[in-house]
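S.K.: So here's model.cif (mmCIF, C-alpha atoms and all ligand atoms).
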```cif
data_entry
#
loop_
_atom_site.label_atom_id
_atom_site.label_comp_id
_atom_site.auth_asym_id
_atom_site.auth_seq_id
_atom_site.Cartn_x
_atom_site.Cartn_y
_atom_site.Cartn_z
CA MET A 1 -1.41 -34.32 -35.18
CA GLY A 2 1.62 -35.88 -33.49
CA LEU A 3 2.33 -39.55 -33.16
CA PRO A 4 3.17 -40.83 -29.70
CA SER A 5 6.58 -42.19 -28.83
CA ASP A 6 8.01 -44.02 -25.85
CA GLY A 7 11.68 -43.48 -26.65
CA ASP A 8 14.19 -40.70 -26.16
CA PRO A 9 13.36 -36.99 -26.02
CA PRO A 10 12.22 -35.81 -29.44
CA ALA A 11 15.14 -33.60 -30.58
CA THR A 12 18.41 -35.25 -31.51
CA ALA A 13 22.00 -34.03 -31.43
CA GLY A 14 23.94 -33.17 -34.59
CA GLY A 15 22.41 -32.53 -38.00
CA THR A 16 21.27 -29.11 -39.17
CA ASP A 17 21.68 -25.78 -37.36
CA ASN A 18 18.03 -25.91 -36.51
CA GLN A 19 18.39 -29.31 -34.92
CA ARG A 20 21.46 -28.17 -33.00
CA ARG A 21 19.52 -25.15 -31.71
CA MET A 22 16.72 -27.45 -30.58
CA THR A 23 19.17 -29.67 -28.75
CA ASN A 24 19.98 -26.82 -26.39
CA SER A 25 16.46 -25.51 -26.17
CA LYS A 26 13.38 -26.13 -24.11
CA GLN A 27 12.21 -28.33 -27.00
CA ARG A 28 14.51 -30.94 -25.59
CA ILE A 29 13.91 -30.32 -21.90
CA PHE A 30 10.10 -30.45 -22.09
CA VAL A 31 7.65 -32.88 -23.71
CA GLN A 32 3.90 -33.37 -23.71
CA ARG A 33 3.03 -36.54 -21.79
CA CYS A 34 -0.21 -38.47 -21.39
CA ILE A 35 -1.14 -38.66 -17.69
CA ALA A 36 -2.87 -42.07 -17.96
CA PRO A 37 -0.58 -44.42 -15.98
CA GLU A 38 -1.12 -47.29 -18.41
CA CYS A 39 -0.25 -45.14 -21.45
CA ARG A 40 2.25 -42.33 -20.71
CA ALA A 41 2.67 -41.62 -24.44
CA LYS A 42 5.04 -38.76 -25.21
CA TYR A 43 4.69 -36.00 -27.80
CA ASN A 44 6.76 -33.09 -29.02
CA LEU A 45 6.01 -29.72 -27.46
CA ASP A 46 4.73 -28.32 -30.73
CA ASP A 47 2.47 -31.23 -31.64
CA ARG A 48 -0.91 -29.59 -31.87
CA LEU A 49 -3.11 -31.77 -29.73
CA TYR A 50 -5.24 -31.39 -26.63
CA VAL A 51 -5.57 -35.00 -25.48
CA CYS A 52 -3.46 -38.12 -26.04
CA SER A 53 -3.97 -39.34 -29.60
CA ARG A 54 -3.38 -42.91 -28.45
CA CYS A 55 -5.80 -43.19 -25.50
CA GLY A 56 -7.66 -39.86 -25.22
CA GLY A 57 -6.08 -39.10 -21.81
CA LEU A 58 -5.18 -35.62 -20.58
CA LEU A 59 -1.75 -34.24 -21.41
CA ASP A 60 0.81 -32.70 -19.08
CA ILE A 61 3.79 -30.62 -20.03
CA GLU A 62 6.62 -32.60 -18.45
CA ARG A 63 10.18 -31.57 -17.75
CA VAL A 64 12.44 -34.47 -18.65
CA GLU A 65 15.56 -32.98 -17.05
CA ASP A 66 15.49 -32.01 -13.37
CA PHE A 67 16.97 -28.81 -12.04
CA ALA A 68 20.11 -29.27 -10.04
CA SER A 69 18.94 -28.95 -6.44
CA ASP A 70 21.69 -26.39 -5.73
CA ALA A 71 20.07 -24.06 -8.26
CA SER A 72 17.18 -23.15 -5.98
CA SER A 73 18.76 -20.22 -4.11
CA SER A 74 20.06 -18.59 -7.28
CA LEU A 75 16.64 -18.97 -8.89
CA ARG A 76 14.96 -17.28 -5.94
CA ASP A 77 17.41 -14.35 -6.23
CA LEU A 78 16.95 -14.14 -10.00
CA TRP A 79 13.15 -14.06 -9.72
CA LEU A 80 13.30 -11.40 -7.01
CA LYS A 81 15.62 -9.20 -9.11
CA ARG A 82 13.21 -9.41 -12.04
CA ARG A 83 10.58 -7.59 -9.96
CA ILE A 84 12.45 -4.32 -10.53
CA SER A 85 13.29 -4.99 -14.18
CA ALA A 86 11.64 -3.17 -17.10
CA ASP A 87 11.74 -6.22 -19.41
CA ALA A 88 8.17 -7.10 -20.47
CA ARG A 89 8.69 -10.72 -19.44
CA ASP A 90 9.93 -9.70 -16.00
CA ARG A 91 6.93 -7.39 -15.50
CA SER A 92 4.69 -10.45 -15.84
CA GLY A 93 4.09 -12.55 -12.73
CA VAL A 94 3.97 -15.59 -15.02
CA TRP A 95 7.00 -15.11 -17.28
CA ARG A 96 9.13 -14.00 -14.32
CA PHE A 97 9.30 -17.75 -13.53
CA ARG A 98 10.10 -18.72 -17.14
CA GLU A 99 12.80 -21.24 -16.18
CA PHE A 100 9.84 -23.54 -15.48
CA LEU A 101 7.94 -22.72 -18.68
CA PRO A 102 8.31 -24.71 -21.92
CA PHE A 103 9.60 -21.89 -24.14
CA ASP A 104 12.98 -20.71 -25.34
CA ASP A 105 14.32 -17.46 -23.94
CA ASP A 106 13.84 -15.60 -27.21
CA ILE A 107 10.10 -16.34 -27.46
CA GLU A 108 8.02 -13.24 -28.01
CA VAL A 109 5.49 -13.42 -25.22
CA VAL A 110 1.88 -12.24 -25.41
CA SER A 111 1.49 -10.51 -22.08
CA LEU A 112 -0.69 -7.96 -20.29
CA GLU A 113 1.54 -7.94 -17.19
CA GLU A 114 -0.60 -10.64 -15.58
CA GLY A 115 0.09 -12.22 -12.22
CA ASN A 116 1.84 -10.46 -9.29
CA THR A 117 -1.52 -10.45 -7.51
CA PRO A 118 -1.94 -9.44 -3.87
CA LEU A 119 -2.00 -11.78 -0.90
CA TYR A 120 -4.32 -10.02 1.54
CA ASP A 121 -4.90 -10.34 5.25
CA ALA A 122 -8.63 -10.61 5.84
CA PRO A 123 -9.40 -10.24 9.56
CA ARG A 124 -13.19 -10.22 9.32
CA SER A 125 -13.25 -13.26 7.05
CA ALA A 126 -10.76 -14.93 9.39
CA ASP A 127 -13.06 -14.28 12.38
CA TYR A 128 -15.98 -15.60 10.33
CA CYS A 129 -14.01 -18.85 9.84
CA ARG A 130 -12.82 -18.78 13.49
CA LEU A 131 -9.27 -18.87 12.21
CA PRO A 132 -6.38 -16.58 13.19
CA GLN A 133 -4.34 -17.09 10.02
CA LEU A 134 -6.33 -16.65 6.83
CA LYS A 135 -5.03 -14.94 3.72
CA LEU A 136 -6.79 -14.27 0.44
CA LYS A 137 -4.83 -14.60 -2.80
CA HIS A 138 -6.79 -12.39 -5.15
CA GLN A 139 -6.49 -13.66 -8.72
CA GLY A 140 -9.32 -11.29 -9.62
CA CYS A 141 -6.65 -8.57 -9.67
CA ASN A 142 -5.38 -9.81 -13.03
CA PRO A 143 -5.74 -7.62 -16.16
CA THR A 144 -9.17 -8.94 -17.19
CA GLY A 145 -10.33 -9.49 -13.62
CA SER A 146 -9.92 -13.24 -13.26
CA PHE A 147 -7.33 -15.98 -12.71
CA LYS A 148 -7.67 -17.04 -16.35
CA ASP A 149 -5.07 -14.49 -17.48
CA THR A 150 -2.15 -16.39 -15.94
CA GLY A 151 -2.92 -19.39 -18.15
CA MET A 152 -3.99 -17.43 -21.20
CA THR A 153 -0.71 -15.55 -21.60
CA VAL A 154 1.05 -18.90 -22.05
CA ALA A 155 -1.62 -20.58 -24.23
CA VAL A 156 -1.85 -17.61 -26.60
CA THR A 157 1.94 -17.35 -26.76
CA GLN A 158 1.95 -21.02 -27.81
CA ALA A 159 -0.87 -20.34 -30.32
CA ARG A 160 1.19 -17.63 -31.98
CA LYS A 161 4.28 -19.84 -31.94
CA LEU A 162 2.29 -22.55 -33.75
CA GLY A 163 1.23 -20.01 -36.36
CA VAL A 164 -2.51 -20.45 -35.87
CA ARG A 165 -4.91 -17.73 -37.09
CA THR A 166 -7.89 -18.41 -34.84
CA VAL A 167 -8.13 -19.27 -31.16
CA ALA A 168 -11.35 -20.56 -29.61
CA CYS A 169 -12.86 -21.51 -26.28
CA ALA A 170 -16.08 -22.45 -24.53
CA SER A 171 -16.72 -20.28 -21.55
CA THR A 172 -18.92 -19.38 -18.60
CA GLY A 173 -17.55 -15.84 -19.09
CA ASN A 174 -14.13 -15.36 -17.53
CA THR A 175 -12.27 -17.49 -20.08
CA ALA A 176 -14.04 -15.58 -22.85
CA ALA A 177 -12.98 -12.20 -21.46
CA SER A 178 -9.41 -13.35 -20.96
CA LEU A 179 -8.94 -15.10 -24.30
CA ALA A 180 -10.50 -12.17 -26.15
CA ALA A 181 -8.00 -9.78 -24.58
CA TYR A 182 -4.93 -11.92 -25.24
CA ALA A 183 -6.04 -12.74 -28.77
CA ALA A 184 -6.38 -9.00 -29.41
CA ARG A 185 -2.84 -8.43 -28.12
CA ALA A 186 -1.56 -11.22 -30.39
CA GLU A 187 -3.64 -10.01 -33.37
CA LEU A 188 -5.34 -13.41 -33.65
CA LEU A 189 -8.96 -14.05 -34.54
CA CYS A 190 -10.99 -15.20 -31.56
CA THR A 191 -14.16 -17.32 -31.45
CA ILE A 192 -15.97 -17.85 -28.19
CA ILE A 193 -18.92 -20.14 -27.49
CA VAL A 194 -21.07 -19.29 -24.49
CA PRO A 195 -24.34 -20.65 -23.06
CA SER A 196 -27.10 -18.29 -24.16
CA GLY A 197 -28.40 -16.02 -21.40
CA GLN A 198 -26.22 -17.63 -18.74
CA ILE A 199 -23.17 -15.42 -18.53
CA SER A 200 -22.90 -12.06 -16.83
CA HIS A 201 -23.16 -8.89 -18.91
CA ALA A 202 -19.83 -7.68 -17.58
CA LYS A 203 -17.97 -10.71 -18.94
CA LEU A 204 -19.78 -10.60 -22.26
CA ALA A 205 -19.04 -6.88 -22.55
CA GLN A 206 -15.33 -7.56 -22.09
CA ALA A 207 -15.26 -10.17 -24.85
CA LEU A 208 -17.10 -7.86 -27.24
CA ASP A 209 -14.88 -4.87 -26.56
CA TYR A 210 -11.75 -6.97 -27.13
CA GLY A 211 -13.11 -7.89 -30.56
CA ALA A 212 -14.05 -11.55 -30.14
CA LYS A 213 -16.70 -13.25 -32.23
CA VAL A 214 -19.17 -14.51 -29.61
CA LEU A 215 -21.52 -17.39 -30.46
CA GLU A 216 -24.35 -18.10 -28.05
CA ILE A 217 -25.83 -21.59 -28.07
CA ASP A 218 -28.83 -23.05 -26.31
CA GLY A 219 -27.52 -25.35 -23.62
CA ASN A 220 -25.12 -25.18 -20.71
CA PHE A 221 -21.33 -24.81 -20.55
CA ASP A 222 -20.80 -28.51 -21.17
CA ALA A 223 -22.69 -28.26 -24.46
CA CYS A 224 -20.47 -25.30 -25.40
CA MET A 225 -17.38 -27.35 -24.58
CA ASN A 226 -18.55 -30.14 -26.90
CA ALA A 227 -19.17 -27.63 -29.68
CA VAL A 228 -15.76 -26.01 -29.41
CA ARG A 229 -14.00 -29.38 -29.36
CA GLU A 230 -15.68 -30.19 -32.65
CA LEU A 231 -14.51 -26.86 -34.01
CA ALA A 232 -10.92 -27.62 -32.98
CA GLU A 233 -10.96 -31.13 -34.47
CA ASP A 234 -10.49 -29.99 -38.06
CA GLU A 235 -7.74 -27.55 -36.97
CA SER A 236 -9.70 -24.48 -38.09
CA ALA A 237 -9.21 -23.15 -34.58
CA TYR A 238 -6.76 -23.68 -31.72
CA LEU A 239 -8.56 -24.66 -28.52
CA VAL A 240 -7.47 -22.86 -25.37
CA ASN A 241 -9.79 -24.20 -22.70
CA SER A 242 -8.00 -25.58 -19.65
CA ILE A 243 -7.81 -29.00 -21.34
CA ASN A 244 -4.94 -27.30 -23.22
CA PRO A 245 -1.86 -28.16 -21.14
CA PHE A 246 -0.22 -24.79 -21.87
CA ARG A 247 -2.98 -23.07 -19.90
CA ILE A 248 -2.08 -25.14 -16.87
CA GLU A 249 1.60 -24.18 -17.30
CA GLY A 250 0.74 -20.51 -16.87
CA GLN A 251 -1.62 -21.10 -13.97
CA LYS A 252 0.94 -23.20 -12.12
CA THR A 253 3.14 -20.12 -11.65
CA VAL A 254 0.64 -18.91 -9.05
CA ALA A 255 2.14 -21.59 -6.79
CA PHE A 256 5.59 -20.06 -7.38
CA GLU A 257 4.35 -16.56 -6.65
CA LEU A 258 2.53 -17.73 -3.52
CA ALA A 259 5.60 -19.58 -2.24
CA GLU A 260 7.66 -16.43 -2.80
CA GLN A 261 5.07 -14.31 -0.94
CA PHE A 262 5.35 -16.77 1.95
CA GLY A 263 9.16 -16.48 2.02
CA TRP A 264 9.51 -19.92 0.38
CA ARG A 265 7.61 -21.59 3.17
CA VAL A 266 4.15 -22.73 2.23
CA PRO A 267 0.79 -22.43 4.00
CA ASP A 268 -0.76 -25.56 5.50
CA HIS A 269 -3.88 -25.37 3.33
CA LEU A 270 -4.68 -23.93 -0.08
CA VAL A 271 -8.40 -23.77 -0.79
CA VAL A 272 -9.76 -23.18 -4.30
CA PRO A 273 -13.20 -23.07 -5.95
CA GLY A 274 -14.00 -26.07 -8.14
CA GLY A 275 -15.61 -25.71 -11.57
CA ASN A 276 -13.68 -27.04 -14.53
CA LEU A 277 -10.89 -27.91 -12.04
CA GLY A 278 -8.03 -26.32 -13.99
CA ASN A 279 -6.97 -24.25 -11.00
CA SER A 280 -6.54 -27.10 -8.54
CA SER A 281 -4.79 -29.09 -11.29
CA ALA A 282 -2.37 -26.24 -11.92
CA PHE A 283 -1.58 -25.59 -8.26
CA GLY A 284 -0.95 -29.29 -7.75
CA LYS A 285 1.52 -29.29 -10.64
CA GLY A 286 3.17 -26.07 -9.53
CA PHE A 287 3.80 -27.28 -6.00
CA ARG A 288 4.94 -30.69 -7.25
CA GLU A 289 7.61 -28.96 -9.34
CA LEU A 290 8.59 -26.63 -6.49
CA VAL A 291 9.09 -29.57 -4.14
CA SER A 292 10.97 -31.72 -6.66
CA SER A 293 13.39 -28.89 -7.46
CA GLY A 294 14.05 -28.13 -3.81
CA LEU A 295 12.49 -24.65 -3.81
CA VAL A 296 10.05 -25.58 -1.02
CA ASP A 297 10.08 -28.55 1.33
CA ARG A 298 6.42 -29.56 1.04
CA ALA A 299 3.15 -28.74 -0.70
CA PRO A 300 0.08 -27.29 1.02
CA LYS A 301 -3.00 -29.50 1.30
CA ILE A 302 -5.07 -28.56 -1.74
CA THR A 303 -8.80 -28.51 -1.05
CA VAL A 304 -11.52 -27.91 -3.64
CA VAL A 305 -14.90 -26.37 -2.80
CA GLN A 306 -17.87 -26.80 -5.13
CA ALA A 307 -21.37 -25.35 -5.13
CA ALA A 308 -23.76 -28.06 -3.89
CA GLY A 309 -25.76 -27.95 -7.14
CA ALA A 310 -22.70 -28.39 -9.38
CA ALA A 311 -20.56 -30.86 -7.50
CA PRO A 312 -19.56 -33.94 -9.55
CA PHE A 313 -16.03 -33.83 -8.13
CA ALA A 314 -17.28 -33.74 -4.54
CA HIS A 315 -19.54 -36.72 -5.24
CA PHE A 316 -16.59 -38.63 -6.63
CA TYR A 317 -14.50 -37.71 -3.58
CA ALA A 318 -17.24 -39.09 -1.31
CA ASP A 319 -16.93 -42.50 -2.99
CA PRO A 320 -13.93 -42.88 -5.33
CA SER A 321 -14.67 -46.59 -5.79
CA GLN A 322 -17.50 -45.52 -8.11
CA ALA A 323 -16.85 -44.14 -11.60
CA PHE A 324 -16.77 -40.36 -12.04
CA VAL A 325 -20.27 -39.21 -12.99
CA ASN A 326 -20.90 -35.88 -14.68
CA GLU A 327 -23.68 -33.67 -13.35
CA GLU A 328 -26.07 -33.33 -16.26
CA HIS A 329 -27.90 -30.25 -14.98
CA PRO A 330 -25.50 -28.23 -12.82
CA LYS A 331 -27.25 -25.48 -10.86
CA THR A 332 -25.68 -22.56 -8.99
CA LEU A 333 -25.78 -18.77 -9.06
CA ALA A 334 -21.98 -18.90 -8.96
CA SER A 335 -21.92 -19.02 -12.77
CA ALA A 336 -18.13 -19.32 -13.08
CA ILE A 337 -18.29 -22.81 -11.53
CA LYS A 338 -21.61 -23.93 -13.01
CA ILE A 339 -19.97 -26.89 -14.74
CA GLY A 340 -21.15 -30.49 -14.69
CA ALA A 341 -18.45 -32.17 -16.77
CA PRO A 342 -15.09 -30.82 -15.54
CA VAL A 343 -12.46 -31.70 -18.13
CA SER A 344 -9.51 -31.61 -15.72
CA TRP A 345 -10.94 -33.76 -12.95
CA GLN A 346 -8.20 -36.41 -13.15
CA LYS A 347 -5.46 -33.82 -12.72
CA ALA A 348 -7.38 -32.20 -9.87
CA TRP A 349 -7.82 -35.61 -8.25
CA ARG A 350 -4.05 -36.09 -8.42
CA ALA A 351 -3.53 -32.68 -6.75
CA VAL A 352 -6.00 -33.39 -3.94
CA THR A 353 -4.82 -36.94 -3.20
CA GLU A 354 -1.09 -36.21 -3.50
CA THR A 355 -1.30 -33.32 -1.04
CA GLY A 356 -3.80 -34.83 1.40
CA GLY A 357 -6.49 -32.23 0.71
CA SER A 358 -10.23 -32.75 0.45
CA VAL A 359 -13.31 -31.83 -1.59
CA LEU A 360 -16.52 -30.42 -0.15
CA THR A 361 -19.67 -28.53 -1.10
CA VAL A 362 -21.31 -25.37 0.17
CA THR A 363 -24.87 -24.08 -0.27
CA GLU A 364 -26.00 -21.01 -2.19
CA GLN A 365 -26.75 -19.22 1.09
CA GLU A 366 -23.29 -20.05 2.45
CA ILE A 367 -21.64 -18.75 -0.73
CA ALA A 368 -23.60 -15.50 -0.62
CA ASP A 369 -22.87 -14.86 3.07
CA ALA A 370 -19.16 -15.63 2.67
CA LYS A 371 -18.98 -13.30 -0.30
CA ALA A 372 -20.51 -10.45 1.67
CA MET A 373 -18.06 -11.13 4.52
CA ILE A 374 -15.09 -10.96 2.14
CA GLY A 375 -16.55 -7.65 1.00
CA ARG A 376 -16.45 -6.38 4.58
CA ASP A 377 -12.69 -6.85 4.46
CA GLY A 378 -12.67 -4.36 1.58
CA ILE A 379 -12.01 -7.12 -0.93
CA GLY A 380 -14.38 -7.68 -3.82
CA CYS A 381 -14.79 -11.09 -5.45
CA GLU A 382 -17.33 -12.85 -7.62
CA PRO A 383 -19.64 -15.51 -6.12
CA ALA A 384 -17.59 -18.56 -7.18
CA SER A 385 -14.55 -17.19 -5.30
CA ALA A 386 -16.52 -17.07 -2.05
CA THR A 387 -16.99 -20.84 -2.00
CA THR A 388 -13.49 -20.87 -0.50
CA VAL A 389 -14.27 -18.88 2.63
CA ALA A 390 -17.60 -20.69 3.01
CA GLY A 391 -15.75 -24.00 2.72
CA ILE A 392 -12.97 -23.03 5.12
CA ARG A 393 -15.58 -22.09 7.74
CA LYS A 394 -17.04 -25.60 7.50
CA LEU A 395 -13.62 -27.28 7.53
CA VAL A 396 -12.66 -25.42 10.72
CA GLU A 397 -16.00 -26.36 12.30
CA ASP A 398 -15.39 -30.00 11.38
CA GLY A 399 -11.82 -29.96 12.71
CA VAL A 400 -10.28 -30.72 9.30
CA ILE A 401 -8.47 -27.38 9.44
CA LYS A 402 -6.87 -26.78 12.85
CA THR A 403 -7.06 -23.28 14.25
CA ASP A 404 -3.25 -22.99 14.46
CA GLU A 405 -2.81 -23.78 10.76
CA SER A 406 -2.18 -21.20 8.04
CA VAL A 407 -4.73 -21.11 5.26
CA VAL A 408 -4.88 -19.38 1.89
CA ALA A 409 -8.14 -19.00 -0.05
CA VAL A 410 -7.77 -18.34 -3.76
CA LEU A 411 -10.24 -15.73 -5.03
CA THR A 412 -10.63 -16.36 -8.74
CA GLY A 413 -12.65 -13.40 -10.04
CA HIS A 414 -13.35 -9.73 -9.30
CA LEU A 415 -16.55 -8.37 -7.73
CA LEU A 416 -17.29 -6.28 -10.85
CA LYS A 417 -17.64 -9.48 -12.90
CA ASP A 418 -21.16 -10.02 -11.54
CA THR A 419 -22.80 -6.97 -9.96
CA ASP A 420 -26.40 -8.14 -10.52
CA TYR A 421 -25.83 -10.84 -7.92
CA VAL A 422 -24.50 -8.32 -5.42
CA MET A 423 -27.36 -5.88 -5.85
CA LYS A 424 -29.92 -8.65 -5.49
CA TYR A 425 -28.27 -10.09 -2.39
CA HIS A 426 -28.15 -6.79 -0.56
CA SER A 427 -31.73 -5.91 -1.50
CA GLY A 428 -33.08 -9.30 -0.44
CA SER A 429 -34.16 -10.37 -3.91
CA LEU A 430 -31.56 -13.03 -4.72
CA ILE A 431 -33.32 -16.27 -5.64
CA ALA A 432 -31.43 -19.59 -5.55
CA PRO A 433 -31.84 -22.08 -8.45
CA ASP A 434 -34.25 -24.16 -6.33
CA GLY A 435 -36.56 -21.13 -6.01
CA SER A 436 -35.72 -20.34 -2.40
CA GLN A 437 -34.85 -16.79 -1.40
CA ILE A 438 -31.34 -16.09 -0.20
CA GLN A 439 -31.57 -13.99 2.94
CA PRO A 440 -29.08 -11.16 3.31
CA SER A 441 -27.50 -11.22 6.74
CA SER A 442 -28.28 -8.05 8.69
CA ALA A 443 -24.66 -8.01 9.84
CA PHE A 444 -23.52 -7.36 6.30
CA ILE A 445 -26.07 -4.83 5.11
CA ARG A 446 -26.23 -2.63 8.20
CA GLY A 447 -22.51 -2.48 8.88
CA GLN A 448 -22.72 -4.31 12.19
CA ASP A 449 -20.13 -6.76 13.39
ZN ZN A 501 -2.48 -41.81 -23.58
#
```
Show me the file's structure as structure tokens.
Ligand SMILES: [Zn+2]

M.R.:
Amino acid sequence: MGLPSDGDPPATAGGTDNQRRMTNSKQRIFVQRCIAPECRAKYNLDDRLYVCSRCGGLLDIERVEDFASDASSSLRDLWLKRRISADARDRSGVWRFREFLPFDDDIEVVSLEEGNTPLYDAPRSADYCRLPQLKLKHQGCNPTGSFKDTGMTVAVTQARKLGVRTVACASTGNTAASLAAYAARAELLCTIIVPSGQISHAKLAQALDYGAKVLEIDGNFDACMNAVRELAEDESAYLVNSINPFRIEGQKTVAFELAEQFGWRVPDHLVVPGGNLGNSSAFGKGFRELVSSGLVDRAPKITVVQAAGAAPFAHFYADPSQAFVNEEHPKTLASAIKIGAPVSWQKAWRAVTETGGSVLTVTEQEIADAKAMIGRDGIGCEPASATTVAGIRKLVEDGVIKTDESVVAVLTGHLLKDTDYVMKYHSGSLIAPDGSQIQPSSAFIRGQD
């Protein structure tokens, strides 16, 4: 456990060879920093902690030296050249941007060639939203079928660097599948805690095949999160939920990749599903770093869409003068975002307010219809991902998104993650948590427009 400091960066000049090496390394350029404005305690990169040991606040990885602003064009060229390189780090859409990651160049990365995901046109979904310019960034095209891989490659690389034997997480399914795969690659033991009977068979199957030890507990995701935090307290396991700031470092590179795909201009709006809120936190951080280093001139407005039955962040957005209240019994069929106590809400709040975005909710019927519409574009996503298109449709209707603005929806998981939902929707037997039946739209099931 590290002790906080307020002074100079942790490594010092002179002394042993090791110290001299650290002086020129990322150990000196990056620190862990508490995000609480009244605290701002600073820790070494390799201090094994998940929250501030002084105040309990969330930690950010912070770069204490800025890039020279004239470096931006050479960085863009360098990153582009890496796309045709055979180096394992260059094949990864995360490590390709390693100048912004808190590791030395000689770090042995744990990678499955994550990232480099497609940015699709989606004309039918665009029509559905009454929007000419809608693109879908499909993070479900990662190696284990969800966005989690971009964060996990960095967190598990850090775990191996710290010399831990066991990594652990609480999960609604996607984190479990991803961590299990990366732990297997790193030859680490992996313990996963999931809510009994509440995660899809596909996700559970992934975790089992990758060799994880899966513990099911009675209770929801938030109960699992409490259990795994207890497990991590005595250092018998290294916690890699998105409270771990190294996860966010990996996920922030999606902002870099997206900016590159847009020719280093950015869309007007970036819309993401909201569960544990690690994604919106990471995109906010990524774009903040891109703007401050001169790689782009502005950030997109980051908007978070939650399922109406699991929407503590949207309730807070509606009245930020009130304290943040967790949702004790979150309810949605979009299991990936069925979370009532999102650990990263303060970072997500920073992302939304800094960029001028918003937070809204959509119903189970709206999620299901939007998902089927995305499917009609030939793109398969899991239910949580479809909150984005459902939300964009409402934002256009309400005039929050103008029809001449460019919009990107982030799809977070692949269709094959939850096929039961799909079969039930299209056969008219999908039942919402409140007992009502979700009606399949005839337009989707009969192939009409
Ligand atoms: Zn603190």

S.K.: So the first atom is atom CA of A:Lys42 and the second is atom CA of A:Lys26; what is the distance between them in Å, to one decimal place?

M.R.: 15.2 Å

S.K.: As an exercise, work out the distance from atom CA of A:Gly274 to atom CA of A:Glu366 in Å and give it to one decimal place.

M.R.: 15.3 Å

S.K.: How would you write, as a ChimeraX atom specification, the set of residues no farther than 12 Å from ligand ZN 501 (chain A) when counting all atoms listed in the file?

M.R.: /A:3-6,32-43,49-60

S.K.: Store the residues picked out above, limited to C-alpha atoms, as an mmCIF file, in the coordinates of the input.

M.R.:
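So part_4.cif came out as:
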```cif
data_model
loop_
_atom_site.group_PDB
_atom_site.id
_atom_site.type_symbol
_atom_site.label_atom_id
_atom_site.label_comp_id
_atom_site.auth_asym_id
_atom_site.auth_seq_id
_atom_site.Cartn_x
_atom_site.Cartn_y
_atom_site.Cartn_z
ATOM 1 C CA LEU A 3 2.330 -39.550 -33.160
ATOM 2 C CA PRO A 4 3.170 -40.830 -29.700
ATOM 3 C CA SER A 5 6.580 -42.190 -28.830
ATOM 4 C CA ASP A 6 8.010 -44.020 -25.850
ATOM 5 C CA GLN A 32 3.900 -33.370 -23.710
ATOM 6 C CA ARG A 33 3.030 -36.540 -21.790
ATOM 7 C CA CYS A 34 -0.210 -38.470 -21.390
ATOM 8 C CA ILE A 35 -1.140 -38.660 -17.690
ATOM 9 C CA ALA A 36 -2.870 -42.070 -17.960
ATOM 10 C CA PRO A 37 -0.580 -44.420 -15.980
ATOM 11 C CA GLU A 38 -1.120 -47.290 -18.410
ATOM 12 C CA CYS A 39 -0.250 -45.140 -21.450
ATOM 13 C CA ARG A 40 2.250 -42.330 -20.710
ATOM 14 C CA ALA A 41 2.670 -41.620 -24.440
ATOM 15 C CA LYS A 42 5.040 -38.760 -25.210
ATOM 16 C CA TYR A 43 4.690 -36.000 -27.800
ATOM 17 C CA LEU A 49 -3.110 -31.770 -29.730
ATOM 18 C CA TYR A 50 -5.240 -31.390 -26.630
ATOM 19 C CA VAL A 51 -5.570 -35.000 -25.480
ATOM 20 C CA CYS A 52 -3.460 -38.120 -26.040
ATOM 21 C CA SER A 53 -3.970 -39.340 -29.600
ATOM 22 C CA ARG A 54 -3.380 -42.910 -28.450
ATOM 23 C CA CYS A 55 -5.800 -43.190 -25.500
ATOM 24 C CA GLY A 56 -7.660 -39.860 -25.220
ATOM 25 C CA GLY A 57 -6.080 -39.100 -21.810
ATOM 26 C CA LEU A 58 -5.180 -35.620 -20.580
ATOM 27 C CA LEU A 59 -1.750 -34.240 -21.410
ATOM 28 C CA ASP A 60 0.810 -32.700 -19.080
#
```

S.K.: Find the distance between atom CA of A:Gln27 and atom CA of A:Asp46 and write it in Å to one decimal.

M.R.: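 Calculated distance between atom CA of A:Gln27 and atom CA of A:Asp46 is 8.4 Å.
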
S.K.: Taking (9.4, -25.8, -23.7) in the file's coordinates as the center, which residues reach within 7 Å of it, counting only C-alpha atoms, put as a count of residues only?

M.R.: 9

S.K.: Taking 2 positions as the minimum chain separation for residues in the same chain, which residues sit within 12 Å of A:Cys129 when counting all atoms listed in the file? Answer as JSON, numbers by chain.

M.R.: {"A": [122, 123, 124, 125, 126, 127, 131, 132, 133, 134, 135, 366, 369, 370, 373, 374, 388, 389, 390, 391, 392, 393, 394, 395, 396, 397, 398, 399, 401, 402, 403, 407, 409]}

S.K.: Can I get the residues of stretch 211-270 of chain A within 7 Å of stretch 189-194 of chain A, each with the closest pair of atoms and their distance in Å to one decimal, using only C-alpha atoms, sorted chain first then ascending number, as a Markdown table?

M.R.:
```
| residue | atom | partner | partner_atom | distance |
| --- | --- | --- | --- | --- |
| A:Ala212 | CA | A:Cys190 | CA | 5.0 |
| A:Lys213 | CA | A:Thr191 | CA | 4.9 |
| A:Val214 | CA | A:Ile192 | CA | 4.8 |
| A:Leu215 | CA | A:Ile193 | CA | 4.8 |
| A:Glu216 | CA | A:Val194 | CA | 5.0 |
| A:Ile217 | CA | A:Val194 | CA | 6.4 |
| A:Phe221 | CA | A:Val194 | CA | 6.8 |
| A:Cys224 | CA | A:Ile193 | CA | 5.8 |
| A:Val228 | CA | A:Ile193 | CA | 6.9 |
```
